[in-house]
Every structure is written in C-alpha cells, then in structure tokens.
Amino acid sequence: MSTTQELHDLPAQYVPDQTERAIYERWVEAGIFSAGEKRSKRNGGDRDPFVIIMPPPNVTSVLHMGHGLNNTVQDVIIRWRRMAGDDALWLPGIDHAGIATQNIIERQLAEEGKTKFDLGRQAFVERTISFVEQTGGEILQQLRAIGASCDWNRTAYTLSPELSRAVREAFVQLYDRGLIYRGHRVIHWCPRCLTSLSDEEAQHGEETGKLYHIAYPIVGAKGNASLTVATTRPETMLGDVAVAVHPDDERYKKLIGKSVLLPIANVEIPIIADEYVDPAFGTGVVKITPAHDSNDFEVGMRHKLPMPVIMAPDGTMENVADADSRVPAELVGVDRFEARERIVESLEKSGLLKKVEPHQHAVRHCYRCDTVVEPRLSDQWFVKMEPLAKPALKAVRDGTIRILPERWEAVYINWLENIRDWNISHQLWWGHRIPVWYCEKCDRQIVSRTDVTACDKCGGPVRQDEDVLDTWFSSWLFPISTLGWPDKSAAPLVAFYPTDDLITAPEILFFWVSRMIMAGYAFMDAQPFHTVYLHGTVRDTHHVKMSKSLGNGIDPLDVVASYGADALRYTVIAGMGMGADLVLDPQDLERSFAPGRNFATKLWNIGRFLLANVGTSPVRSVDELLDGELTLADQWILGRLNATIFECDAALGRPRPTKGKWRPEERYSGLRLSEYAEAARRFVWNDVADWYLETTKGRIGAGGSDSEVARAVLTHVFDYALRLLHPIMPFITETLWQRLPFPVAADRCEFLAIAPWPLGHLPPKSEIESISRFDLVREAVSAIRQIRSDYAIPPGKSIEAFVKSPANGQLFTDHARLIGQLARAVVNISAAPADSAAAHSVLADGSELVVPLGGVVDLSKECGKLRGELEQLETQLESLSKRLRNEGFLSRAPAAVVESEREKEDEWIKRREQLAEKVKALCGG
RNA sequence: GGGCGAGUAGCUCAGUUGGUUAGAGCGCCUGCCUUACACGCAGGAUGUCGGGGGUUCGAGUCCCUCCUCGCCCA
C-alpha cells in the first residue's frame with residue numbers, strides 16, 4: 001500500500017513497464033479478477049452476474065493487433081461491470097484448432113523430410129501434444145501484458161478432459177435425437193490437408209479462369225453433330241455421367257433421351273432434362289459430374305445416375321470408385337491441374353475444343369492452407385441444422401439476443417434461414433475423435449459417451465471411427481462446457497449461464513457465434529448470451545488487413561514496451577467507432593499511438609500537480625462541503641463531472657436487457673466505447689486540466705478554508721475521472737488513484753479496479769445555471785487571450801481589460817481576479833477610457849470587453865475584425881429570422897425547437913446591437 | 001448473380017428517432033520552455049458532408065439514381 005514516502009515520489013515521467021507488471025501482480029494476488037459463483041444472484045448471492053466468455057485464441061497463436069483489439073474491448077466492458085458491482089467473470093480459454101495446429105506440425109515434419117504417415121497416428125498426436133505443451137497458451141500469458149482481467153483459475157482448453165466429455169455428450173445427444181447422421185455426398189475436400197471441410201471452411205475468392213467449350217458428339221447422329229458444354233474444370237469430364245438441358249429449351253428438346261459420346265473416357269452418356277440447367281448460361285448444355293460437383297450430385301440423385309469418382313484424395317487422377325477405366329492410363333497419377341492441360345491439349349487435337357474464353361468465377365480455397373478445394377463424393381458425418389436453427393432465429397427476431405452493429409442481424413438471419421447441414425467429420429489426426437465404433441463382426445454402429453472395447457450386441461471386436469470432429473464442434477459448446485456442462489447443476493453453470501456479452505469479429509459469425517446460439521438452445525434450452533458485439537478489423541493505412549504473413553502487422557507487445565498498455569488500449573478504444581475498422585500505421589507507431597500515449601502523460605501530469613499542490617494530508621469530503629463554500633468554478637467542475645458521468649453511462653448503455661428481452665429503444669444503443677472514451681477525455685483534459693486546475697492555482701497555496709475546499713474538489717473530481725477512465729486505462733489510473741489524499745473517513749477500496757463506478761444525479765436547475773455562468777467567465781478569458789494573440793502581445797506582458805456588462809455585472813465583478821489570472825490581465829469591471837485606442841470584443845450575453853492597447857492597436861484592423869464579425873452574425877441572424885417568420889416552420893416544428901430558436905434570436909439581436917454600436921463608435925459608422 | 005457497408009477537414013474517423021454557426025484526434029500555420037505537462041500551452045486555417053434528383057417549414061441524417069471502394073453469400 002502507499003506509504004507517505006511514495007506519495008511524494010511521482011517520477012517526472014510516466015514509465016509504464018516499471019509499474020504495469022507490478023500492479024497486475026497485485027490485482028491477481030488480491031484475487032479481484034476471480035468471480036464467485038456464490039456471489040451470483042442466481043446462486044443465492046447478492047450480485048448480478050456479468051459474464052464474458054473469451055473467444056478462445058488458437059493454441060498456436062501469438063498476440064497480434066486483432067487480439068489486442070478484441071481483448072481490450074472485452075476488458076473494458078468487464079472492468080466497467082466489475083466496478084459497477086456485478087459479479088464479473090471473464091473466462092479465458094484456448095482452442096486446440098484442429099487443422100491449423102496439425103498443419104504446423106506437418107510443416108515441421110516436412111522440414112525434417114518426413115510426413116505424418118512416417119510417424120503414424122499415435123506418435124503424431126503425441127508430438128502435437130508436446131508441441132502444444134511447450135508453446136501453447138503463450139497468448140494467454142501475453143494477454144496479461146495488456147491488462148486483461150480474466151479469471152485465470154477458470155482457464156479452459158477445448159481438448160481438456162472436461163471439455164472433451166462435453167463434446168462426446170453433445171455428439172451422443174444429437175445422435176440420439178436423430179440430428180447427427182452419416183451422409184454419402186459431395187463435400188469440400190482439401191487435397192493438401194487431405195480432409196473434408198465444412199462449407200464455412202471452404203472460402204471462396206473471385207478468380208479469372210477459363211471457360212472451355214467442349215463438343216460431345218451425339219451418338220447415332222448424322223455427320224458430326226455434337227452438343228457443346230462449357231466448363232471451367234475440363235479434368236472433371238472424365239467423371240461425367242450425363243449432359244443436361246433445360247426441359248423447356250426448344251433447341252434441345254428433341255435430343256432428350258439420346259446419348260453423347262464422352263470424349264477421352266469413351267463412354268456413352270445420356271442427354272437428360274433438368275430444371276437446374278440455366279438455358280442462358282454458355283450453350284445451355286451442362287455436363288453432369290455427380291461425384292465432383294455438389295449441384296451435379298443433386299441432379300445425379302434425382303436421375304439415379306452412377307457417380308464415378310475419378311480423382312484420388314491428393315488431387316491426382318485415378319479410377320477410384322465406379323469409374324471402370326474412365327481415366328486413361330496416361331493420366332492416372334497426374335495432378336488435376338496438369339491433367340486439365342493435357343485433356344485440353346488432346347481435345348484441341350481432336351477438334352473437340354470449340355472455344356476458350358476468360359471467365360470470372362468463384363473458386364473455393366482451404367481456409368487454412370489456401371489450396372484450391374476439390375468437391376468430392378465422400379462419406380461424412382453431418383449435423384442436421386434446420387431444427388437447431390429455429391430457436392436461434394427466434395432469439396434474434398424477438399430481441400432475446402441482439403447483434404451490434406444492427407446490420408449483422410440481417411446477415412445472421414439470412415444465413416440461418418438458408419442453413420445447410422454441417423459436415424463435422426474431418427480426416428485429421430488432431431482433434432476429438434468421433435465417438436462412434438463399428439463392430440468388425442456384425443457391422444453394428446455404436447455411438448457412445450465412453451470408449452467401447454467390444455460390440456454390445458455380438459461381443460465382436462470394434463474399431464473407432466478414424467475421423468476427428470471439426471474444431472468448431474468443440475468451440476460451439478464453449479459457453480456451456482467451460483461452466484461445467486453436461487452437469488446441469490454445476491455451480492458455475494447455475495451462477496453464470498446464460499452469459500452476457502460475446503465480443504468477436506464478424507468473420508466468425510457463422511463459424512462460431514451462430515452455432516453457439518444453436519448449441520445454447522439445443523443443450524441448455526437458453527441463449528448463451530444476450531449481446532453479440534462485432535468489432536471491426538485492424539488494417540494498415542492501405543486498408544489491408546494486418547497479418548504476420550503480409551508483414552504489415554504491429555506487435556502489441558512492442559507498443560506496450562514503448563508506450564504502455566494504457567496507450568495501446570486508449571488508442572484502440574478511442575479510435576474505433578461501432579463496428580468500424582481500425583486503421584493503424586505499422587510504419588509509424590509513434591503517430592499511431594500518440595493519442596493514447598499523450599493522454600496517459602496528461603493524466604500523469606495532472607496527478608503530479610495534484611500531489612505536489614494538494615499534498616498528502618487527507619482532504620475534506622465533498623459531501624460535507626456546504627453550497628456557500630463552493631466557488632462558481634467548483635460548482636462548474638462538479639456539474640461537468642456529473643454531466644460526464646451521464647455521457648459515459650449513456651454511451652455504455654444498459655448492461656443487460658430489462659426483462660430478458662431487449663426493448664426496441666434500448667436494443668441498438670450502448671457499447672459506444674469510443675464515445676465513452678471521448679466524454680471522459682474531454683472532461684479530464686478540456687475541463688479539469690485546461691480550466692479547473694488552473695483556477696485552483698493560488699487558491700490551494702493560500703491556506704485557509706477556501707484552500708481546503710479547492711483541495712477537496714480537485715481531489716474528488718480527479719478521483720472520479722480516474723474511476724471513469726479505469727476500464728480503458730487500468731494501469732495508470734490505478735497507480736495515480738493509489739496515491740490520492742482521500743478524506744480520512746473515506747471508506748475506500750484497496751484497488752481502483754473494484755472501486756464503485758460513479759453514479760450521476762439529476763442536475764438541479766442551480767447546477768445547470770452554474771455551468772452556463774462559468775461558461776461566460778471562460779468566454780471572457782478566451783476573448784482576452786484572443787486579443788493577445790491577434791496583437792501578438794508577449795505572454796509575459798500584463799495588460800488591462802475592461803468589461804462592461806449590462807446583464808451580468810455582478811458575475812464579472814466577482815470573477816474579475818480569476819479572469820485576470822487566467823488571461824494574464826488586470827480586469828476592471830467598468831467602461832474603458834473613452835479616448836484610448838483599444839481592441840474590442842462582444843461576448844455572447846452582450847457584454848463588451850475592451851483592451852486598451854496604446855500605440856499597438858491598428859484601428860483599421862480592429863474595424864475590419866469587428867465588421868467581419870458583425871457581417872457574419874447578420875447573415876446568420878437573417879436566416880434565423882426568416883425561419884421564424886416562416887408559417888410552415890412555426891406551425892409544424894415542435895414547440896421546443898421554435899422556442900429555442902426564439903431565444904437564440906433574442907441573444908443574437910442583443911449581440912448585433914452591441915457590435916454595431918462598437919463599429920459605429922470605433923470606425924465612424 | 002444476390003445482399004450489405006462505406007464515401008464528412010491533408011490523414012483516421014464521430015455525428016443515436018431530420019432541428020443551433022457540422023465535431024474530435026493526428027497533421028499543418030503563428031506565438032510561447034507562463035514553476036503539472038513541449039507527449040505541452042495559447043491562438044489559427046482547412047469541409048459545395050462522393051455527383052445528381054426528390055420528400056420536407058427544415059436534409060450530412062429520409063427516398064430514388066449514378067459513380068468509386070470494400071465485405072459477405074451463391
């Protein structure tokens with residue numbers, strides 16, 4: 001804890017890495033990041049739970065700017081709720097990341113000149129486990145450096161025994177409900193990873209390829225009549241089992257039922273009719289390759305066509321199944337792209353290649369290795385999604401769950417309405433093995449929660465399905481499995497489920513977010529969270545997504561080392577509008593993070609001023625200060641503090657829906673973190689530092705009761721400013737807060753991190769008036785400063801100012817000294833000496849301010865300035881008056897608007913009169 | 001092909017049911033080491049709110065259309 005000694009010793013410069021680490025340790029030691037299931041209201045406690053489940057980074061990840069952004073947002077929200085008195089839980093975790101991790105190990109092996117098959121499955125998995133043990137979860141360590149206030153005691157891992165148990169349970173439950181089935185169909189296949197991919201894992205990119213027009217001779221036709229088909233993948237023609245035309249296409253009606261001769265493969269295939277064919281595309285004739293195209297597969301099913309597989313898993317040509325000798329000997333073993341070239345060449349020679357044209361089309365790529373995905377007929381496990389999607393759709397439609405920004409709700413709904421079954425079996429070695437066993441003897445299929453050693457029917461030997469589950473099959477359970485599911489009475493599950501906010505990037509809306517919602521309803525019959533907050537992507541100045549491989553990344557740890565975690569956090573939060581991308585310059589960290597770094601320094605220096613001037617002895621409590629003791633400046637800053645609390649609260653919004661469902665008016669508001677940050681910054685910098693703190697100079701040093709009032713108010717407003725800023729800048733605020741000279745009686749927490757979040761009060765009229773009265777004082781100061789600047793009066797030179805105020809004479813009399821102090825002038829509340837040359841200004845309330853300047857003043861410049869002002873005012877006044885004379889405006893605009901326009905007109909007229917008089921007197925009309 | 005988003009100061013972006021003279025940070029210009037802070041202070045310049053049309057008393061905000069860029073889904 002702070003000793004008296006420490007209070008004096010704020011270094012002149014804030015050095016983040018000297019302090020941040022130590023503070024983090026102390027937070028952890030004090031256990032303030034640990035949520036207690038007994039404290040949750042759902043478990044007999046007295047606090048509302050507030051829970052965020054961290055999107056688990058891949059076990060192999062290291063911290064990059066995307067994580068920095070994602071986790072800063074989560075930490076800001078969780079710290080806010082913790083201070084607000086909730087039982088706040090931020091649960092961290094990591095994902096075993098099936099394909100991604102396996103690819104890394106395979107790459108390592110490749111460098112050693114080996115493949116996974118050289119090791120065999122068991123050794124491969126062991127090697128992966130030891131790799132993960134060494135490097136895995138490094139990112140969770142790194143998160144501490146940016147201040148992440150996770151409950152580390154609950155750190156989860158998708159491949160842990162507990163979560164594995166949940167995965168099996170989920171599989172078995174869905175299987176028992178008839179929602180998991182084994183399907184024989186065309187799936188996306190990665191020839192490099194040698195696994196199937198789900199629809200979401202096969203990502204498409206626009207590419208310019210070629211469209212080949214190929215003639216298939218018509219069997220039994222006269223001459224060399226043929227049908228021309230167009231395809232982008234000629235190599236798949238070896239798997240063609242038909243050509244199809246639209247049933248209503250007059251050009252081809254007569255040919256339906258006849259056959260064509262498939263070139264190269266030399267087999268006859270029928271001409272069929274199917275509505276799937278678009279007569280307008282290409283020639284209106286489509287080749288049907290059921291085993292290598294998902295649309296063709298559907299056609300094949302409808303027409304009960306054979307489905308020859310003509311490509312091996314690794315993408316080379318081969319007569320795999322039902323293909324006879326369709327692939328000629330010279331093409332067997334040839335890679336698909338090489339085969340394409342050769343087939344095209346051969347067709348050209350035989351005159352069957354009619355045309356080749358450039359073609360823009362979408363090509364799917366493996367989301368992990370970017371290899372072109374091959375559609376391939378295969379046996380896979382699928383989850384029937386439509387029944388699961390129903391409650392997930394309803395939840396967003398009825399406001400149980402909201403998605404921010406709002407526009408993503410439409411994307412979510414559109415996807416769920418057209419949802420397709422989920423291919424969950426992957427031909428990998430790293431992941432949860434599918435809990436299905438097959439009896440070698442009676443062929444029985446056994447789905448089980450526990451390992452099976454013998455057939456429960458015939459006692460025969462069994463073998464487990466070779467495949468593993470899609471990584472997302474464990475991730476989608478994360479909100480429930482990390483809290484103890486399938487044990488529905490587990491204390492954490494009872495206390496913390498449903499959780500509150502889910503904060504992630506839009507890229508995984510389908511992969512993860514929507515599936516978690518489905519799992520929540522499927523297994524807990526309740527939504528996993530009520531708010532999905534989708535933030536933007538971190539990009540460089542060319543708007544290219546930052547990534548290590550592109551070399552345009554920023555290492556958050558570098559930023560932390562150079563500028564501190566708080567600078568990083570503030571910059572990220574303040575610079576990011578709701579859902580907008582965050583653009584940073586990897587070439588210029590100095591510039592990118594200046595906003596946060598500068599603001600941290602500002603806070604530090606306010607702290608230094610405060611400790612040097614207010615000192616270390618306890619201050620009076622603001623609660624016991626009497627109204628009469630407070631100066632106008634005190635009232636103003638307290639009023640501004642209150643207004644700022646409201647602004648911050650308004651920007652943050654409601655933490656949870658009122659009665660389980662978001663009401664329309666609150667649904668899309670809140671979590672405007674940049675607005676919250678800006679409101680707090682404005683208060684600290686523009687109000688406290690620029691004005692209030694300056695007014696205390698001279699007061700505090702003077703001793704006596706007013707000195708005590710100033711000490712108390714300054715300490716109080718800084719205390720509360722630090723509270724407001726703590727979620728964004730936890731380290732520096734905690735450091736400073738620890739040293740504040742709190743009132744003796746203050747019942748204060750040990751840490752700012754758990755100090756109560758400020759509460760605003762409805763401002764009484766007097767408070768609002770104080771603010772506007774002090775604003776006038778500030779305006780007078782600004783007016784003198786402006787004159788100083790206009791006439792280049794050296795700052796050191798004191799000047800004299802005269803204020804004549806018909807409306808607010810007393811106010812200026814009372815604050816003449818303060819105005820003088822702030823503007824470095826001697827202020828007289830009286831008319832200026834008539835004959836002297838002077839600079840002039842007219843304030844908003846019509847008060848006139850005159851600064852005699854002796855020989856310095858340039859009369860024509862002064863006249864020009866005043867005339868300019870007058871002219872501008874008159875233009876504005878004219879349009880305002882016109883509006884107020886407009887019948888339409890008066891009758892249709894709300895009364896309040898008309899009223900305020902009238903008031904404004906009065907004010908402007910007053911000011912115009914003053915200005916006009918001034919111009920007349922000074923410039924002779 | 002379908003859907004969505006963006007285009008506001010030199011740069012990055014705010015601008016919540018249409019209602020003051022459109023804002024912030026960074027950058028820029030001028031003057032200042034005014035004993036918390038030059039990572040600062042004071043003052044200042046800069047916008048036909050992408051183009052065009054419309055609705056309205058009133059449009060950066062709503063509607064239509066066009067242009068440019070980006071994202072998602074087939």
# chains A, B, ... in the order shown; residues from 1 in each chain; ligands from 1

$ residues_around --residues "C28 in chain B" --least-positions-apart "3" --cutoff "10 Å" --atoms "only C-alpha atoms (C1' of nucleotides)" --output "ChimeraX atom specification"
/B:10,45-46

$ select_by_dssp --residues "range 124-282 of chain A" --states "helix (DSSP H, G or I)" --output "PyMOL selection string"
chain A and resi 124-135+138-145+152-154+161-176+199-201+234-239+253-255

$ select_by_dssp --residues "range 305-387 of chain A" --states "strand (DSSP E or B)" --output "ChimeraX atom specification"
/A:309-311,316-321,335,353-366,372,374-383

$ write_last_selection --atoms "N, CA, C and O atoms" --output "short mmCIF file (atom, residue, chain, number, x, y, z; two decimals), in the first residue's frame"
data_model
loop_
_atom_site.label_atom_id
_atom_site.label_comp_id
_atom_site.auth_asym_id
_atom_site.auth_seq_id
_atom_site.Cartn_x
_atom_site.Cartn_y
_atom_site.Cartn_z
N VAL A 309 -16.00 -41.81 -59.20
CA VAL A 309 -15.01 -40.91 -58.61
C VAL A 309 -13.72 -41.08 -59.40
O VAL A 309 -13.19 -42.19 -59.50
N ILE A 310 -13.24 -40.00 -59.96
CA ILE A 310 -12.11 -40.13 -60.88
C ILE A 310 -10.87 -39.36 -60.37
O ILE A 310 -9.95 -39.06 -61.11
N MET A 311 -10.88 -39.06 -59.11
CA MET A 311 -9.74 -38.33 -58.58
C MET A 311 -9.40 -38.88 -57.21
O MET A 311 -10.28 -39.12 -56.39
N THR A 316 -4.84 -36.21 -57.55
CA THR A 316 -4.34 -36.78 -58.81
C THR A 316 -5.45 -37.62 -59.43
O THR A 316 -6.34 -38.10 -58.75
N MET A 317 -5.35 -37.79 -60.75
CA MET A 317 -6.39 -38.51 -61.47
C MET A 317 -6.26 -40.00 -61.19
O MET A 317 -5.15 -40.55 -61.19
N GLU A 318 -7.40 -40.65 -60.98
CA GLU A 318 -7.36 -42.07 -60.69
C GLU A 318 -8.76 -42.65 -60.79
O GLU A 318 -9.73 -41.97 -60.44
N ASN A 319 -8.87 -43.88 -61.21
CA ASN A 319 -10.16 -44.55 -61.24
C ASN A 319 -10.46 -45.08 -59.85
O ASN A 319 -10.15 -46.20 -59.51
N VAL A 320 -11.07 -44.23 -59.04
CA VAL A 320 -11.21 -44.55 -57.62
C VAL A 320 -12.40 -45.47 -57.34
O VAL A 320 -12.26 -46.52 -56.74
N ALA A 321 -13.55 -45.07 -57.79
CA ALA A 321 -14.74 -45.87 -57.50
C ALA A 321 -15.75 -45.75 -58.63
O ALA A 321 -15.98 -44.65 -59.14
N ASP A 335 -1.50 -34.96 -61.62
CA ASP A 335 -2.18 -33.94 -60.81
C ASP A 335 -3.33 -33.29 -61.59
O ASP A 335 -3.27 -33.14 -62.81
N LEU A 353 -12.36 -29.17 -79.01
CA LEU A 353 -12.33 -27.94 -78.21
C LEU A 353 -12.82 -26.79 -79.08
O LEU A 353 -12.17 -26.40 -80.04
N LYS A 354 -14.01 -26.26 -78.76
CA LYS A 354 -14.63 -25.28 -79.63
C LYS A 354 -14.18 -23.86 -79.32
O LYS A 354 -14.09 -23.01 -80.20
N LYS A 355 -13.96 -23.60 -78.08
CA LYS A 355 -13.69 -22.21 -77.71
C LYS A 355 -13.10 -22.17 -76.29
O LYS A 355 -13.43 -23.02 -75.45
N VAL A 356 -12.24 -21.22 -76.06
CA VAL A 356 -11.76 -20.97 -74.70
C VAL A 356 -11.91 -19.49 -74.44
O VAL A 356 -11.46 -18.67 -75.25
N GLU A 357 -12.61 -19.16 -73.38
CA GLU A 357 -12.74 -17.72 -73.09
C GLU A 357 -12.43 -17.45 -71.62
O GLU A 357 -12.60 -18.31 -70.76
N PRO A 358 -11.94 -16.24 -71.35
CA PRO A 358 -11.67 -15.90 -69.96
C PRO A 358 -12.99 -15.85 -69.18
O PRO A 358 -14.02 -15.47 -69.74
N HIS A 359 -12.93 -16.23 -67.93
CA HIS A 359 -14.17 -16.34 -67.17
C HIS A 359 -13.93 -15.98 -65.71
O HIS A 359 -13.00 -16.46 -65.08
N GLN A 360 -14.78 -15.11 -65.22
CA GLN A 360 -14.70 -14.68 -63.83
C GLN A 360 -15.56 -15.60 -62.99
O GLN A 360 -16.76 -15.70 -63.21
N HIS A 361 -14.97 -16.28 -62.04
CA HIS A 361 -15.80 -17.16 -61.21
C HIS A 361 -15.19 -17.31 -59.82
O HIS A 361 -14.05 -16.92 -59.58
N ALA A 362 -16.00 -17.86 -58.94
CA ALA A 362 -15.55 -18.04 -57.56
C ALA A 362 -14.91 -19.41 -57.40
O ALA A 362 -15.47 -20.41 -57.83
N VAL A 363 -13.73 -19.42 -56.83
CA VAL A 363 -13.05 -20.68 -56.57
C VAL A 363 -12.86 -20.81 -55.07
O VAL A 363 -12.42 -19.88 -54.40
N ARG A 364 -13.22 -21.98 -54.55
CA ARG A 364 -13.09 -22.19 -53.11
C ARG A 364 -11.68 -22.61 -52.73
O ARG A 364 -11.05 -23.40 -53.42
N HIS A 365 -11.23 -22.07 -51.61
CA HIS A 365 -9.90 -22.39 -51.11
C HIS A 365 -10.00 -22.88 -49.67
O HIS A 365 -10.87 -22.44 -48.93
N CYS A 366 -9.06 -23.73 -49.28
CA CYS A 366 -8.99 -24.20 -47.91
C CYS A 366 -8.66 -23.02 -47.01
O CYS A 366 -7.72 -22.28 -47.27
N VAL A 372 -6.67 -24.95 -53.55
CA VAL A 372 -7.97 -24.97 -54.20
C VAL A 372 -8.71 -26.24 -53.77
O VAL A 372 -8.20 -27.35 -53.87
N GLU A 374 -11.40 -29.21 -53.69
CA GLU A 374 -11.99 -30.07 -54.71
C GLU A 374 -13.31 -30.66 -54.18
O GLU A 374 -13.32 -31.29 -53.13
N PRO A 375 -14.40 -30.45 -54.89
CA PRO A 375 -15.63 -31.12 -54.46
C PRO A 375 -15.47 -32.62 -54.70
O PRO A 375 -14.95 -33.02 -55.74
N ARG A 376 -15.91 -33.40 -53.74
CA ARG A 376 -15.60 -34.83 -53.84
C ARG A 376 -16.67 -35.63 -53.12
O ARG A 376 -17.09 -35.28 -52.03
N LEU A 377 -17.07 -36.72 -53.73
CA LEU A 377 -18.07 -37.60 -53.14
C LEU A 377 -17.41 -38.38 -52.01
O LEU A 377 -16.34 -38.94 -52.18
N SER A 378 -18.07 -38.37 -50.86
CA SER A 378 -17.40 -38.93 -49.71
C SER A 378 -18.39 -39.25 -48.61
O SER A 378 -19.49 -38.71 -48.57
N ASP A 379 -18.01 -40.16 -47.71
CA ASP A 379 -18.85 -40.48 -46.55
C ASP A 379 -18.43 -39.59 -45.39
O ASP A 379 -17.26 -39.60 -45.01
N GLN A 380 -19.35 -38.86 -44.87
CA GLN A 380 -19.01 -37.93 -43.79
C GLN A 380 -20.15 -37.89 -42.77
O GLN A 380 -21.28 -38.24 -43.08
N TRP A 381 -19.80 -37.39 -41.57
CA TRP A 381 -20.82 -37.15 -40.56
C TRP A 381 -21.36 -35.73 -40.70
O TRP A 381 -20.60 -34.79 -40.92
N PHE A 382 -22.68 -35.62 -40.56
CA PHE A 382 -23.30 -34.30 -40.69
C PHE A 382 -24.22 -34.02 -39.50
O PHE A 382 -24.77 -34.95 -38.92
N VAL A 383 -24.36 -32.74 -39.20
CA VAL A 383 -25.37 -32.33 -38.24
C VAL A 383 -26.52 -31.70 -39.03
O VAL A 383 -26.31 -30.86 -39.90
#

$ closest_atom_pairs --of "chain B" --to "chain A" --cutoff "10 Å" --atoms "only C-alpha atoms (C1' of nucleotides)" --output "tab-separated table"
residue	atom	partner	partner_atom	distance
B:G3	C1'	A:Val411	CA	8.2
B:C4	C1'	A:Arg407	CA	7.7
B:G5	C1'	A:Arg407	CA	8.7
B:A6	C1'	A:Ala580	CA	9.6
B:C11	C1'	A:Thr541	CA	9.4
B:U12	C1'	A:Val583	CA	6.8
B:C13	C1'	A:Gly575	CA	7.1
B:A14	C1'	A:Gly577	CA	7.4
B:U16	C1'	A:Ser669	CA	7.2
B:U17	C1'	A:Glu665	CA	9.3
B:G19	C1'	A:Val897	CA	6.5
B:U20	C1'	A:Glu901	CA	7.8
B:U21	C1'	A:Gln876	CA	7.4
B:A24	C1'	A:Glu678	CA	8.1
B:G25	C1'	A:Pro595	CA	6.6
B:C26	C1'	A:Arg591	CA	7.2
B:G27	C1'	A:Arg591	CA	9.7
B:U30	C1'	A:Ser789	CA	8.8
B:G31	C1'	A:Ala792	CA	7.1
B:C32	C1'	A:Pro795	CA	7.1
B:U34	C1'	A:Pro795	CA	7.0
B:A36	C1'	A:Phe609	CA	4.2
B:C37	C1'	A:Asn605	CA	5.2
B:C39	C1'	A:Asn598	CA	4.6
B:G40	C1'	A:Lys602	CA	8.8
B:C41	C1'	A:Asp690	CA	9.1
B:A42	C1'	A:Arg785	CA	7.1
B:G43	C1'	A:Ser789	CA	5.6
B:G44	C1'	A:Ser789	CA	9.5
B:C57	C1'	A:Phe889	CA	3.9
B:G58	C1'	A:Phe889	CA	7.6
B:G70	C1'	A:His543	CA	9.1
B:C71	C1'	A:Glu507	CA	9.9
B:C72	C1'	A:Val411	CA	8.1
B:C73	C1'	A:Trp415	CA	8.2
B:A74	C1'	A:Ala362	CA	9.3

$ residues_around --residues "range 46-59 of chain A" --least-positions-apart "6" --cutoff "7 Å" --atoms "only C-alpha atoms (C1' of nucleotides)" --output "short mmCIF file (atom, residue, chain, number, x, y, z; two decimals) with C-alpha atoms, in the first residue's frame"
data_model
loop_
_atom_site.label_atom_id
_atom_site.label_comp_id
_atom_site.auth_asym_id
_atom_site.auth_seq_id
_atom_site.Cartn_x
_atom_site.Cartn_y
_atom_site.Cartn_z
CA ARG A 39 -21.93 -14.16 -5.11
CA SER A 40 -24.17 -14.57 -8.14
CA ARG A 81 -19.22 -4.06 -14.83
CA GLY A 85 -20.80 -4.00 -8.60
CA ASP A 86 -21.56 -7.04 -10.73
CA ASP A 87 -20.10 -10.45 -10.03
CA ALA A 88 -17.94 -10.10 -13.11
CA LEU A 89 -16.48 -13.13 -14.80
CA TRP A 90 -14.27 -13.04 -17.84
CA LEU A 91 -13.45 -16.62 -18.67
CA PRO A 92 -10.32 -17.19 -20.75
CA GLY A 93 -9.53 -20.18 -22.87
CA ILE A 94 -7.71 -21.62 -25.83
CA ASP A 95 -8.76 -23.70 -28.79
CA HIS A 96 -6.86 -26.77 -30.00
CA ALA A 97 -7.55 -25.57 -33.55
CA VAL A 132 1.24 -27.56 -27.64
CA GLY A 136 0.51 -23.44 -26.40
CA GLY A 137 -1.30 -20.81 -24.50
CA PRO A 479 -20.21 -21.10 -23.20
CA PHE A 496 -23.11 -17.76 -14.81
CA THR A 499 -23.69 -15.27 -20.04
CA ASP A 500 -23.91 -11.65 -21.13
CA ASP A 501 -21.78 -10.27 -23.94
CA LEU A 502 -19.95 -12.07 -26.69
CA THR A 504 -15.70 -11.01 -31.51
#

$ residues_around --residues "Ile77 in chain A" --least-positions-apart "2" --cutoff "9 Å" --atoms "only C-alpha atoms (C1' of nucleotides)" --output "number ranges by chain"
A: 52, 72-75, 79-82, 501, 652, 671, 673, 727-728

$ residues_around --residues "G7 in chain B" --least-positions-apart "6" --cutoff "9 Å" --atoms "only C-alpha atoms (C1' of nucleotides)" --output "list in words"
G50, U68 and C69 of chain B
